[in-house]
Amino acid sequence: MRPEADSMLPRISGQELKRELIAFARELGFDSCRVAACAPPPHATEFRNWLREGAAGEMHYMMRGEEKRSDPQKVLLGAKSIVVVALNYWQGEQVRQSQDPATGRIARYAWGDDYHGVVKSKLDKIDNFLREFAGQQKCYVDTGPILERDHAAQAGIGWQGKSTMLIDPRLGTWFFLGEILTTLDLPPDDPQPDRCGKCERCIKACPTGAITAPHRLDARRCISYLTIELKGSIPLEFRPLIGNRIFGCDDCLDACPWNRFAKTSREHAFSARHTTTDISLRDYLKLNDAEFAVLFRNSPIKRVKRRGFLRNVCVALGNVGDLSDLPALEHVAADAEPLIAEHAAWAVNQIQERCLMPAPEVG
């Protein structure tokens with residue numbers, strides 16, 4: 001930078017800049033904005049061991065980004081601070097999915113618009129704000145090679161619960177994270193103390209036993225992994241445990257007692273859509289590729305594409321469907337997409353076994 005250009009930059013202390021940054025983040029709608037020193041994540045060793053155990057399943061991008069996730073300097077050389085923001089997505093108790101088992105259950109975070117775009121657009125504005133003070137930044141929303149929950153915990157956004165999810169006493173578990181690595185030196189915040197105590201409700205709530213011990217998650221057993229990250233067939237042993245969940249799972253989050261303090265989100269983009277809370281499982285089976293793209297435009301669900309979504313729908317119907325669902329399932333059992341056809345055939349067999357078995361003799 002030329003000396004004359006440097007002389008035109010605002011003269012401000014790190015503490016003053018941090019105050020202005022927090023105020024700006026709140027103007028953008030963030031519910032929390034805190035700072036951690038840009039240092040290696042505290043659980044880098046545990047992360048590497050987790051990868052070696054194969055607990056990441058088919059999430060190969062974790063392995064590809066292993067070095068960067070263990071050292072943020074390899075993401076942005078010269079970074080001094082990590083700004084972490086939280087955005088509440090809780091829709092309130094009055095907004096619920098249909099209680100009819102024939103309506104599939106979708107994780108709350110996916111009820112509205114795709115959070116990646118919503119949060120990233122806000123981070124870009126913070127990036128531009130920090131550029132005015134000669135900062136160089138890298139911004140991520142659950143997409144970059146960093147251990148975001150480690151850095152968020154260091155910044156004091158919340159503490160890491162036994163489910164591995166972050167918990168904040170004001171927001172509960174219902175919030176998205178965003179990170180900004182910056183070359184600016186901002187005063188770091190203190191971490192929050194762990195307030196989980198002896199509670200293990202999240203561990204007991206997991207339908208598949210994916211939380212194998214406090215702070216240890218085997219992704220290969222997690223319903224969110226099985227219905228979103230896994231691209232192929234869902235293992236037979238887990239299909240009955242998925243119930244009517246068709247995109248993600250909230251059970252470990254729902255179980256957290258800190259959620260009694262959660263407040264309704266101010267972000268309208270996350271408002272629930274009819275397409276994610278009220279449509280019957282059978283009706284989803286009618287979607288072709290074009291209709292799926294239209295129905296889930298700007299939704300996180302579009303990520304799994306029609307093949308993955310209808311795979312999940314078929315498994316759910318296999319668990320909760322009845323004889324009236326057989327025609328729709330038999331139709332997609334002949335689908336050109338082998339993944340859908342396979343899971344539809346499984347669902348047909350499950351329903352037939354459940355609904356057509358002769359009743360046991362009495363006496």
# chains A, B, ... in the order shown; residues from 1 in each chain; ligands from 1
$ residues_around --residues "range 174-190 of chain A" --least-positions-apart "2" --cutoff "8 Å" --atoms "only C-alpha atoms" --output "ChimeraX atom specification"
/A:14-15,17-18,34-38,76,78-90,109,115,119-120,123,127,134-142,148,152,154-156,171-172,192,253,259,262
$ residues_around --residues "Pro101 in chain A" --least-positions-apart "2" --cutoff "8 Å" --atoms "only C-alpha atoms" --output "ChimeraX atom specification"
/A:98-99,103-104,244,320
$ residues_around --residues "range 195-201 of chain A" --least-positions-apart "3" --cutoff "10 Å" --atoms "only C-alpha atoms" --output "list of chain:residue names"
A:Gly158, A:Trp159, A:Gln160, A:Gly161, A:Lys162, A:Ser163, A:Ile167, A:Asp168, A:Pro169, A:Gln192, A:Lys204, A:Ala205, A:Cys206, A:Ala213, A:Pro214, A:Asp251, A:Cys252, A:Leu253, A:Asp254, A:Ala255, A:Cys256, A:Pro257, A:Trp258
$ residues_around --residues "Leu28 in chain A" --least-positions-apart "6" --cutoff "9 Å" --atoms "only C-alpha atoms" --output "list of chain:residue names"
A:Lys122, A:Lys125, A:Ile126
$ atom_distance --atom1 "CA of Leu285 in chain A" --atom2 "CA of Arg297 in chain A"
17.4 Å
$ atom_distance --atom1 "CA of Asn349 in chain A" --atom2 "CA of Pro207 in chain A"
22.6 Å
$ closest_residue --among "A:Pro40, A:Gly209, A:Gly232, A:Pro145" --to "Leu339 in chain A" --atoms "only C-alpha atoms"
A:Gly232
$ residues_around --residues "range 289-292 of chain A" --least-positions-apart "5" --cutoff "12 Å" --atoms "only C-alpha atoms" --output "PyMOL selection string"
chain A and resi 275+283-284+297-299+301-310+335-337
$ residues_around --residues "Ile106 in chain A" --least-positions-apart "5" --cutoff "8 Å" --atoms "only C-alpha atoms" --output "list in words"
Trp111, Arg245, Ile246, Phe247, Gly248, Cys249, Thr276 and Thr277 of chain A
$ select_by_dssp --residues "range 161-323 of chain A" --states "alpha helix (DSSP H)" --output "count of residues only"
46
$ closest_residue --among "A:Ala102, A:Leu236, A:Cys222, A:Leu217" --to "Ser280 in chain A" --atoms "only C-alpha atoms"
A:Ala102
$ closest_residue --among "A:Ile351, A:Ile12, A:Arg311, A:Ile157" --to "Leu323 in chain A" --atoms "only C-alpha atoms"
A:Ile351
$ select_by_dssp --residues "range 134-235 of chain A" --states "strand (DSSP E)" --output "list in words"
Gln137, Lys138, Cys139, Tyr140, Trp159, Gln160, Leu166, Ile167, Phe175, Phe176, Leu177, Gly178, Glu179, Ile180, Leu181, Thr182, Ile211, Thr212, Ala213, Arg216 and Leu217 of chain A
